[in-house]
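See below for target-v9.txt, which holds compact mmCIF, C-alpha atoms.
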```txt
# COMPACT_ATOMS: atom_id res chain seq x y z
CA MET B 24 24.86 -23.37 -22.56
CA VAL B 25 22.86 -21.01 -20.36
CA GLU B 26 24.70 -19.91 -17.25
CA ALA B 27 23.25 -20.49 -13.78
CA GLU B 28 21.22 -17.52 -12.55
CA SER B 29 21.71 -16.27 -9.00
CA ASP B 30 21.08 -13.17 -6.94
CA ASP B 31 24.57 -13.75 -5.59
CA GLY B 32 26.16 -13.12 -8.99
CA ALA B 33 27.95 -9.94 -9.97
CA ARG B 34 26.09 -6.96 -8.54
CA ALA B 35 25.03 -3.90 -10.47
CA GLN B 36 26.57 -0.63 -9.47
CA GLU B 37 24.57 1.20 -6.81
CA GLY B 38 23.91 4.07 -9.19
CA GLU B 39 22.02 1.71 -11.50
CA ARG B 40 19.64 0.37 -8.90
CA GLU B 41 16.09 1.39 -8.24
CA PRO B 42 15.83 2.34 -4.55
CA ASP B 43 12.65 0.28 -4.20
CA PRO B 44 11.92 -1.99 -7.20
CA SER B 45 8.28 -2.16 -8.29
CA ASP B 46 6.31 -5.28 -9.15
CA SER B 47 6.17 -4.20 -12.79
CA LEU B 48 9.96 -3.95 -12.98
CA ARG B 49 10.37 -7.41 -11.46
CA THR B 50 7.79 -8.86 -13.86
CA PHE B 51 9.37 -7.22 -16.91
CA GLY B 52 12.77 -8.50 -15.83
CA ALA B 53 11.44 -12.03 -15.40
CA VAL B 54 10.03 -11.94 -18.94
CA VAL B 55 13.38 -10.75 -20.35
CA GLN B 56 15.16 -13.53 -18.47
CA ALA B 57 12.70 -16.20 -19.66
CA LEU B 58 13.00 -15.10 -23.29
CA ARG B 59 16.80 -14.95 -23.05
CA GLU B 60 17.03 -18.42 -21.56
CA HIS B 61 14.61 -19.76 -24.18
CA ALA B 62 16.97 -18.38 -26.83
CA GLY B 63 19.85 -20.24 -25.16
CA LEU B 64 21.81 -17.07 -24.39
CA SER B 65 23.90 -16.35 -21.32
CA ARG B 66 23.80 -12.88 -19.82
CA VAL B 67 27.22 -12.20 -21.30
CA ASP B 68 26.14 -13.31 -24.79
CA PHE B 69 22.85 -11.41 -24.56
CA GLY B 70 24.64 -8.31 -23.30
CA ALA B 71 26.97 -8.41 -26.30
CA ARG B 72 24.00 -8.60 -28.67
CA VAL B 73 22.12 -5.69 -27.13
CA GLY B 74 25.15 -3.53 -26.42
CA PHE B 75 24.89 -3.53 -22.62
CA SER B 76 27.09 -5.06 -19.93
CA ARG B 77 26.30 -8.32 -18.17
CA HIS B 78 25.73 -6.31 -14.99
CA THR B 79 23.08 -4.14 -16.69
CA VAL B 80 21.31 -7.21 -18.05
CA GLU B 81 21.31 -8.74 -14.58
CA SER B 82 20.01 -5.51 -13.03
CA VAL B 83 17.09 -5.36 -15.47
CA GLU B 84 16.25 -9.05 -15.05
CA LEU B 85 16.19 -8.77 -11.27
CA GLY B 86 14.04 -5.61 -11.34
CA ARG B 87 16.82 -3.41 -9.98
CA ARG B 88 17.01 -1.09 -12.96
CA MET B 89 14.47 0.75 -15.12
CA PRO B 90 15.34 -0.24 -18.72
CA ASP B 91 15.72 2.67 -21.08
CA GLU B 92 14.29 2.76 -24.60
CA ALA B 93 17.58 1.61 -26.14
CA PHE B 94 17.63 -1.50 -23.99
CA VAL B 95 14.00 -2.36 -24.77
CA GLU B 96 14.50 -1.93 -28.54
CA SER B 97 17.74 -3.92 -28.63
CA ALA B 98 16.32 -6.68 -26.45
CA GLU B 99 13.21 -6.84 -28.63
CA GLU B 100 15.29 -7.35 -31.77
CA ALA B 101 17.58 -9.90 -30.11
CA LEU B 102 14.71 -11.98 -28.74
CA GLY B 103 12.47 -12.44 -31.76
CA ASN B 104 10.95 -9.00 -32.33
CA THR B 105 7.52 -10.14 -31.13
CA GLY B 106 6.56 -6.75 -29.72
CA ALA B 107 6.00 -8.22 -26.23
CA LEU B 108 8.77 -6.23 -24.55
CA ARG B 109 7.77 -2.97 -26.24
CA LYS B 110 4.18 -3.37 -25.04
CA ALA B 111 5.21 -4.43 -21.54
CA ALA B 112 7.59 -1.48 -21.22
CA ARG B 113 4.66 0.95 -21.52
CA TYR B 114 3.36 -0.19 -18.13
CA LEU B 115 6.62 -0.03 -16.21
CA THR B 116 6.48 2.04 -13.05
CA ARG B 117 9.10 2.80 -10.47
CA GLY B 118 8.79 1.55 -6.92
CA GLU B 119 6.90 3.59 -4.36
CA PRO B 120 9.21 4.16 -1.38
CA GLY B 121 7.53 3.77 1.97
CA LEU B 122 4.76 1.43 0.82
CA ALA B 123 4.91 -2.32 1.40
CA ALA B 124 5.09 -4.24 -1.88
CA TRP B 125 1.82 -6.02 -1.16
CA PHE B 126 0.00 -2.71 -0.47
CA ARG B 127 1.07 -0.73 -3.55
CA ARG B 128 -1.69 -1.92 -5.86
CA TRP B 129 -4.37 -1.07 -3.29
CA ALA B 130 -2.81 2.36 -2.72
CA ARG B 131 -3.08 3.07 -6.45
CA LEU B 132 -6.71 1.92 -6.49
CA GLU B 133 -7.49 4.24 -3.55
CA LYS B 134 -6.49 7.27 -5.61
CA VAL B 135 -9.20 6.70 -8.22
CA ALA B 136 -11.90 5.00 -6.12
CA VAL B 137 -15.35 6.61 -5.98
CA SER B 138 -15.86 5.46 -2.37
CA LEU B 139 -13.69 3.93 0.37
CA CYS B 140 -14.60 2.05 3.56
CA THR B 141 -12.23 1.00 6.34
CA TYR B 142 -12.76 -1.10 9.46
CA GLU B 143 -9.85 -1.23 11.93
CA CYS B 144 -9.41 -3.22 15.12
CA ARG B 145 -5.61 -2.97 15.49
CA LEU B 146 -4.55 0.65 15.14
CA VAL B 147 -5.81 4.03 14.00
CA PRO B 148 -6.38 3.81 10.21
CA GLY B 149 -3.41 5.16 8.27
CA LEU B 150 -5.55 7.84 6.59
CA LEU B 151 -6.40 9.28 10.03
CA GLN B 152 -3.06 8.99 11.82
CA SER B 153 -1.16 11.94 13.27
CA PRO B 154 2.53 12.23 12.28
CA ALA B 155 3.64 11.31 15.83
CA TYR B 156 1.34 8.28 15.90
CA ALA B 157 2.55 7.08 12.48
CA ARG B 158 6.16 7.53 13.55
CA ALA B 159 5.55 5.50 16.71
CA VAL B 160 4.00 2.71 14.63
CA PHE B 161 7.00 2.59 12.30
CA GLU B 162 9.50 2.82 15.15
CA GLY B 163 7.96 -0.32 16.63
CA THR B 164 8.39 -2.30 13.41
CA ILE B 165 10.45 -5.51 13.58
CA PRO B 166 12.95 -5.82 12.00
CA LEU B 167 13.92 -2.27 12.88
CA LEU B 168 13.88 0.25 10.06
CA THR B 169 16.80 2.47 9.17
CA ASP B 170 16.25 6.20 9.65
CA GLN B 171 15.93 6.54 5.87
CA GLN B 172 13.31 3.79 5.65
CA LEU B 173 11.36 5.23 8.56
CA GLU B 174 11.25 8.70 7.01
CA ALA B 175 10.19 7.21 3.65
CA GLN B 176 7.33 5.30 5.25
CA LEU B 177 6.21 8.34 7.23
CA ALA B 178 6.27 10.51 4.10
CA ALA B 179 4.27 7.91 2.16
CA ARG B 180 1.64 7.71 4.89
CA LEU B 181 1.16 11.47 5.07
CA GLU B 182 1.09 11.64 1.27
CA ARG B 183 -1.80 9.14 1.23
CA GLN B 184 -3.75 11.42 3.54
CA ARG B 185 -3.66 14.21 0.95
CA MET B 186 -6.31 12.50 -1.15
CA MET B 187 -8.86 13.02 1.64
CA ARG B 188 -8.37 16.77 1.35
CA GLU B 189 -8.08 16.76 -2.44
CA ARG B 190 -11.18 14.61 -3.11
CA PRO B 191 -13.97 16.34 -1.15
CA THR B 192 -16.80 14.61 -3.07
CA VAL B 193 -15.56 11.05 -2.50
CA PRO B 194 -17.25 9.32 0.47
CA PHE B 195 -14.79 8.01 3.07
CA SER B 196 -16.21 5.74 5.78
CA PHE B 197 -14.30 4.55 8.84
CA ILE B 198 -15.35 2.16 11.59
CA VAL B 199 -12.83 1.90 14.44
CA GLU B 200 -12.89 -0.10 17.64
CA GLU B 201 -12.92 2.06 20.79
CA HIS B 202 -9.97 0.22 22.32
CA VAL B 203 -7.84 1.33 19.34
CA LEU B 204 -8.43 4.97 20.26
CA ARG B 205 -7.70 4.30 23.93
CA ARG B 206 -4.41 2.50 23.33
CA ARG B 207 -1.66 4.67 24.79
CA PHE B 208 1.45 5.77 22.97
CA GLY B 209 3.87 8.54 23.84
CA ASP B 210 2.75 11.14 26.37
CA ALA B 211 -0.60 12.80 27.00
CA GLU B 212 0.15 15.61 24.56
CA GLN B 213 0.82 13.15 21.75
CA MET B 214 -2.41 11.31 22.57
CA ARG B 215 -4.33 14.59 22.41
CA GLU B 216 -2.65 15.39 19.10
CA MET B 217 -3.70 12.00 17.74
CA LEU B 218 -7.33 12.48 18.78
CA ASP B 219 -7.32 16.02 17.41
CA ARG B 220 -6.04 14.69 14.08
CA VAL B 221 -8.79 12.08 13.91
CA LEU B 222 -11.40 14.72 14.76
CA GLU B 223 -9.99 17.10 12.15
CA LEU B 224 -9.75 14.59 9.31
CA SER B 225 -13.19 13.13 10.01
CA ALA B 226 -14.93 16.53 10.17
CA PRO B 227 -15.64 17.13 6.45
CA ARG B 228 -19.11 16.19 5.15
CA ASN B 229 -17.76 13.43 2.91
CA VAL B 230 -16.04 11.63 5.82
CA THR B 231 -17.93 9.39 8.23
CA LEU B 232 -16.32 8.01 11.39
CA GLN B 233 -18.09 5.51 13.63
CA VAL B 234 -16.69 3.96 16.78
CA VAL B 235 -17.54 0.46 17.97
CA PRO B 236 -17.91 0.91 21.76
CA LEU B 237 -16.32 -1.50 24.20
CA GLU B 238 -19.73 -2.68 25.37
CA ALA B 239 -20.88 -3.58 21.83
CA GLY B 240 -19.80 -7.18 22.27
CA LEU B 241 -19.05 -9.62 19.45
CA HIS B 242 -19.88 -8.68 15.87
CA ALA B 243 -19.63 -9.68 12.20
CA CYS B 244 -16.12 -8.35 11.47
CA LEU B 245 -14.14 -10.32 14.04
CA ASP B 246 -12.06 -11.98 11.31
CA GLY B 247 -9.93 -8.84 11.12
CA PRO B 248 -9.52 -5.43 9.45
CA VAL B 249 -11.45 -4.75 6.26
CA ARG B 250 -10.90 -2.27 3.45
CA LEU B 251 -13.42 -1.83 0.67
CA LEU B 252 -13.66 0.45 -2.34
CA GLU B 253 -15.73 1.02 -5.44
CA THR B 254 -13.98 1.63 -8.74
CA PRO B 255 -15.12 4.23 -11.31
CA GLU B 256 -16.60 1.28 -13.25
CA GLY B 257 -18.80 0.33 -10.30
CA LYS B 258 -16.80 -2.74 -9.28
CA ARG B 259 -16.38 -3.46 -5.58
CA LEU B 260 -12.98 -4.62 -4.35
CA GLY B 261 -11.69 -5.59 -0.94
CA TYR B 262 -8.33 -5.79 0.79
CA SER B 263 -7.25 -7.77 3.82
CA GLU B 264 -3.90 -7.58 5.57
CA GLY B 265 -2.00 -9.71 8.05
CA GLN B 266 1.54 -10.34 9.21
CA GLN B 267 3.89 -9.44 6.33
CA ASN B 268 1.25 -9.87 3.65
CA GLY B 269 -1.81 -8.36 2.07
CA ARG B 270 -4.44 -9.68 -0.34
CA LEU B 271 -6.47 -7.84 -2.94
CA ILE B 272 -9.96 -9.34 -3.11
CA THR B 273 -11.47 -9.17 -6.59
CA ASP B 274 -13.94 -12.07 -6.47
CA PRO B 275 -17.43 -10.47 -6.59
CA LYS B 276 -18.96 -12.94 -4.12
CA GLU B 277 -16.19 -12.50 -1.57
CA ALA B 278 -16.23 -8.71 -1.94
CA SER B 279 -20.03 -8.73 -1.53
CA LEU B 280 -19.73 -10.78 1.66
CA LEU B 281 -17.27 -8.26 3.11
CA CYS B 282 -19.63 -5.42 2.19
CA GLN B 283 -22.47 -7.17 4.01
CA ARG B 284 -20.33 -7.60 7.11
CA TYR B 285 -19.26 -3.96 6.98
CA GLU B 286 -22.82 -2.70 6.65
CA THR B 287 -23.94 -4.92 9.53
CA LEU B 288 -21.19 -3.55 11.75
CA ARG B 289 -22.06 -0.01 10.72
CA SER B 290 -25.53 -0.53 12.20
CA GLN B 291 -23.99 -1.79 15.46
CA ALA B 292 -21.47 1.03 15.90
CA LEU B 293 -22.15 4.43 17.41
CA ASN B 294 -23.51 6.95 14.93
CA PRO B 295 -21.13 9.70 13.73
CA MET B 296 -22.33 12.30 16.24
CA GLU B 297 -22.06 9.86 19.16
CA SER B 298 -18.66 8.75 17.92
CA ARG B 299 -17.39 12.31 17.77
CA GLY B 300 -18.67 12.89 21.30
CA LEU B 301 -16.78 9.84 22.51
CA LEU B 302 -13.55 11.08 20.93
CA GLU B 303 -13.97 14.45 22.60
CA ARG B 304 -14.55 12.76 25.97
CA LEU B 305 -11.45 10.62 25.53
CA ARG B 306 -9.46 13.75 24.76
CA GLY B 307 -10.84 15.46 27.86
CA GLU B 308 -9.75 12.55 30.05
CA LEU B 309 -6.07 13.06 29.14
```
Serialized structure, C-alpha cells:
Amino acid sequence: MVEAESDDGARAQEGEREPDPSDSLRTFGAVVQALREHAGLSRVDFGARVGFSRHTVESVELGRRMPDEAFVESAEEALGNTGALRKAARYLTRGEPGLAAWFRRWARLEKVAVSLCTYECRLVPGLLQSPAYARAVFEGTIPLLTDQQLEAQLAARLERQRMMRERPTVPFSFIVEEHVLRRRFGDAEQMREMLDRVLELSAPRNVTLQVVPLEAGLHACLDGPVRLLETPEGKRLGYSEGQQNGRLITDPKEASLLCQRYETLRSQALNPMESRGLLERLRGEL
C-alpha cells in the first residue's frame, strides 16, 4: 500500500536542500513521485530499491534536492527503464536566488532576446534601478524579507542589469510614467543617485527611454505594466505581472495586441531627447 504523502513528513537534512528550488526540480520530483506511486511503492520501499534513504527520496520528490546521476539511473531502472527520467534530468536547473518563481522563465528569455521593451507605471524598471532604490523596494516588501533574502534579491537585480552593458547591439526600449520618477524615496541625495543611474543606463545608443508626461492624459496601456521581447527565432512574447504572480504571454494574437498598445503609447510619450531633458530638470529640482 502506498503511504500518504505530506510536506509535513520527515524532513531532509538542511545540507541536502536546494536553497531556492527551481521549477524544473519540482517538476522532475513530481514525475518521480507519480511513477513511484503508479508502481505501488512507498518511499521506504523505493528508497531500498534505489539505494537511497526515505529522506533523500522525499527531498527529490519535493524539489528540495538536485538528484545526482546515481539516483537518476537507479530510479530509472526501478521504475520501468523508459528513459523518461534520464531525458528529464538533462534539463534540470538549480533555483535562481533572488528571483520570484514566476519571473524566472522571463529572466532567462531576457538573456537571449534580440530586443526588449518595457512599460512601467508603478516603479522604476528593474533594469534601470539604482542599488539604493532597489534596496528600498525590497525593504518595503510584505511579508518582510530576511537580511539574506534581501541581499539575494538585490544581487539578482543588479546582475540582470549587466546584460544591458554586455549586449550593446540589442535594442532596449523603456517607457516610464513621469509620476514614477517623481515618487520620493530616501533623501535628496538618493533621489539624485536614482536619476543619475537612469540617465547613465539609458545613455547608450541601443537604449531608448521615453517618459509619459503627467499632462498626457489617458492612454492605451492603462491595464498595467507591459514587458515585450523578440526571441532569436523572431517570435514575440509578452509578460504581465501583478500581486504575487506573473504570466508569460505566448499567444501570438495577445502578444501582437500588447505590441500595438506599446507602439501607440510610444507615439504619445515624450521623445528620447525631451525625456532626458525632463530627467535632468527633475534632478535639478532636488
(message) Can you tell me which residues surround B:Gly86 at a distance of at most 7 Å, considering only C-alpha atoms, apart from same-chain residues fewer than 4 positions away, and format the answer as a list in words?
(response) Pro44, Leu48, Arg49, Gly52 and Ser82 of chain B
(request) Work out how far atom CA of B:Glu143 is from atom CA of B:Arg304, in Å to one decimal. (result)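 Distance between the two atoms: 20.4 Å.
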Which residues, written as an mmCIF file with C-alpha atoms, in the frame of the given file, have at least one atom at most 10 Å from B:Pro227, with all atoms listed in the file counted and residues fewer than 4 positions away on the same chain left out?
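Full text of out_18.cif as output:
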```
data_model
loop_
_atom_site.group_PDB
_atom_site.id
_atom_site.type_symbol
_atom_site.label_atom_id
_atom_site.label_comp_id
_atom_site.auth_asym_id
_atom_site.auth_seq_id
_atom_site.Cartn_x
_atom_site.Cartn_y
_atom_site.Cartn_z
ATOM 1 C CA MET B 187 -8.860 13.020 1.640
ATOM 2 C CA ARG B 188 -8.370 16.770 1.350
ATOM 3 C CA PRO B 191 -13.970 16.340 -1.150
ATOM 4 C CA THR B 192 -16.800 14.610 -3.070
ATOM 5 C CA PRO B 194 -17.250 9.320 0.470
ATOM 6 C CA PHE B 195 -14.790 8.010 3.070
ATOM 7 C CA LEU B 222 -11.400 14.720 14.760
ATOM 8 C CA GLU B 223 -9.990 17.100 12.150
ATOM 9 C CA THR B 231 -17.930 9.390 8.230
#
```
Contact table stretch 67-147 of chain B vs stretch 260-283 of chain B, cut-off 12 Å, shortest pair per residue, all atoms listed in the file, as CSV:
```
residue,atom,partner,partner_atom,distance
B:Leu122,CA,B:Gly269,CA,11.9
B:Ala123,CA,B:Asn268,CA,8.7
B:Ala124,CA,B:Asn268,CA,8.8
B:Trp125,CA,B:Gly269,CA,5.4
B:Phe126,CA,B:Gly269,CA,6.5
B:Arg127,CA,B:Gly269,CA,9.9
B:Arg128,CA,B:Leu271,CA,8.1
B:Trp129,CA,B:Leu271,CA,7.1
B:Ala130,CA,B:Tyr262,CA,10.5
B:Arg131,CA,B:Leu271,CA,12.0
B:Leu132,CA,B:Leu260,CA,9.3
B:Glu133,CA,B:Leu260,CA,10.5
B:Ala136,CA,B:Leu260,CA,9.8
B:Val137,CA,B:Leu260,CA,11.6
B:Ser138,CA,B:Leu260,CA,10.7
B:Leu139,CA,B:Leu260,CA,9.8
B:Cys140,CA,B:Cys282,CA,9.1
B:Thr141,CA,B:Tyr262,CA,9.6
B:Tyr142,CA,B:Ser263,CA,10.3
B:Glu143,CA,B:Ser263,CA,10.7
B:Cys144,CA,B:Glu264,CA,11.9
B:Arg145,CA,B:Gly265,CA,10.7
```
(message) Under the rule that all atoms listed in the file are counted, which of B:Asp210, B:Glu182, B:Glu189, B:Glu200 is the nearest residue to B:Ala159?
(response)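 With all atoms listed in the file as the atom set, the closest residue is B:Asp210.
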(request) Point out the residue among B:Cys244, B:Val230, B:Leu204, B:Met217 with the least atom-to-atom distance to B:Arg190, counting only C-alpha atoms. (result)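 The shortest atom-to-atom distance to B:Arg190 comes from B:Val230.
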(request) Tell me which of B:Ala226, B:Val249, B:Met214, B:Leu288 sits closest to B:Gln152, counting only C-alpha atoms. (result) B:Met214
Enclose all atoms of stretch 132-147 of chain B listed in the file in an axis-aligned box, grow every side by 3 Å, and hand back centre and edge lengths in Å to one decimal, as AutoDock Vina command-line options.
```
--center_x -10.2 --center_y 2.0 --center_z 3.6 --size_x 17.3 --size_y 16.5 --size_z 29.7
```
(request) Might you pull out every residue within 10 Å of B:Val203, with all atoms listed in the file counted and same-chain residues fewer than 4 positions away left off, and present them as a list in words? (result) Glu143, Cys144, Arg145, Leu146, Val147, Pro148, Val199, Arg207, Val234 and Val235 of chain B
Convert the current residue selection to file output with C-alpha atoms, as a PDB file, in the frame of the given file.
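Produced file again.pdb, reproduced below:
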```pdb
ATOM      1  CA  GLU B 143      -9.850  -1.230  11.930  1.00  0.00           C
ATOM      2  CA  CYS B 144      -9.410  -3.220  15.120  1.00  0.00           C
ATOM      3  CA  ARG B 145      -5.610  -2.970  15.490  1.00  0.00           C
ATOM      4  CA  LEU B 146      -4.550   0.650  15.140  1.00  0.00           C
ATOM      5  CA  VAL B 147      -5.810   4.030  14.000  1.00  0.00           C
ATOM      6  CA  PRO B 148      -6.380   3.810  10.210  1.00  0.00           C
ATOM      7  CA  VAL B 199     -12.830   1.900  14.440  1.00  0.00           C
ATOM      8  CA  ARG B 207      -1.660   4.670  24.790  1.00  0.00           C
ATOM      9  CA  VAL B 234     -16.690   3.960  16.780  1.00  0.00           C
ATOM     10  CA  VAL B 235     -17.540   0.460  17.970  1.00  0.00           C
TER      11      VAL B 235
END
```
(message) Just want the 7 Å neighbourhood of B:Val73, counted on all atoms listed in the file, with same-chain residues fewer than 4 positions away dropped. Output as a PyMOL selection string.
(response) chain B and resi 69+94+97-98+101
(request) Tell me, in Å to one decimal, how far atom CA of B:Asp68 is from atom CA of B:Glu99. (result)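 Between atom CA of B:Asp68 and atom CA of B:Glu99 the gap is 15.0 Å.
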(request) Report the distance between atom CA of B:Ser225 and atom CA of B:Phe161 in Å, rounded to one decimal place. (result) 22.9 Å
(message) Would you pick out the contacts of B:Ser153 at 8 Å or less, using all atoms listed in the file, so that residues sharing its chain but fewer than 6 positions from it are not included, and give the list as a list in words?
(response) Glu216, Met217, Arg220 and Val221 of chain B
